[in-house]
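Below is one structure, written out as structure tokens; comments come after it.
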Amino acid sequence: MQYSIAMAGTRHFSNISMIGFMGTGKSSVGQIVAAQLRFTFVDTDDLIESRTGRTISEIFAQQGEPVFRQLENQLVQELASRTGLVIATGGGLPVNPANLESLKSHSLVICLWASPDAIWERVRHQSHRPLLNDPDPQGKIRRLLAEREPFYRQADVLVNTEMRSVREVAQHVVHQFHMARSGKR
């Protein structure tokens, strides 16, 4: 996937939502974008952890993925009433059509993209990723990425993060946001 823009109609954007697979840079890029725009940065996974007092891994292990996905959905609905946010979502959040629809109601939705190999290189030493608790984590990345790609492609802007610094990607996101808000897309 390369840079692409797929916006239909005119929408009002008061936020930026970053979607994409784990390890594509949503949190890193999102923090820089929020600082540049003087917006508040929100990471949905971090917020769920702080509210529940449990890590994402613990929620998955103790209550299962469906409970986690419901917590995500509740949070997305809540964030729809706020403005001036850069929202970094969990990788599976946009698979729920209601989540994606809600994000699009108030946000420019940016999908950060990377190849399965690049993602594996970025996340392979991270122990806080419950979906990688698999005998074949690289295969799991490929399968999940293939399953989620149709949802990721529904973003307003797709940005390939490979071979680009976090700052370069952030600059591109800020530029796309300004263009979208000015109606020059």
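As shown in the structure tokens, the chain order sets the letters A, B, ...; within each chain, residues go from 1, and ligands are also counted from 1 in the order they appear.
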
Per-residue nearest contacts of stretch 59-88 of chain A to stretch 8-29 of chain A (8 Å; only C-alpha atoms) as a tab-separated table:
```
residue	atom	partner	partner_atom	distance
A:Thr83	CA	A:Ser14	CA	5.2
A:Gly84	CA	A:Asn15	CA	5.3
A:Leu85	CA	A:Asn15	CA	4.8
A:Val86	CA	A:Ile16	CA	4.8
A:Ile87	CA	A:Ser17	CA	4.6
A:Ala88	CA	A:Met18	CA	4.9
```

Could you tell me which of A:Leu79, A:Ala118, A:Ala180, A:Val169 comes closest to A:Gln31 if we count only C-alpha atoms?
-> A:Val169

Counting only C-alpha atoms, what is within 12 Å of A:Ala146, bar same-chain residues fewer than 2 positions away, as a PyMOL selection string?
-> chain A and resi 20-21+92+95+115-116+139-144+148-153

Compile the contact shell of A:Phe68 as a list in words: residues with an atom at most 12 Å away, counting only C-alpha atoms, same-chain residues fewer than 2 positions apart removed.
-> Thr44, Asp45, Ile48, Glu49, Thr52, Arg54, Thr55, Ile56, Ser57, Glu58, Ile59, Phe60, Ala61, Gln62, Gln63, Gly64, Glu65, Pro66, Gln70, Leu71, Glu72, Asn73, Gln74, Leu75, Gly90, Gly92, Leu93 and Pro130 of chain A

Just the strand (DSSP E) stuff from stretch 124-182 of chain A, please, per backbone DSSP, written as a VMD selection string.
-> chain A and resid 157 to 160

Output file for the residues above (C-alpha atoms, as a PDB file, in the first residue's frame):
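So the final result, stored in out33.pdb, reads:
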```pdb
ATOM      1  CA  VAL A 157      -5.920   8.464   4.071  1.00  0.00           C
ATOM      2  CA  LEU A 158      -3.561   5.467   3.869  1.00  0.00           C
ATOM      3  CA  VAL A 159       0.081   6.108   4.740  1.00  0.00           C
ATOM      4  CA  ASN A 160       2.849   3.569   4.230  1.00  0.00           C
TER       5      ASN A 160
END
```
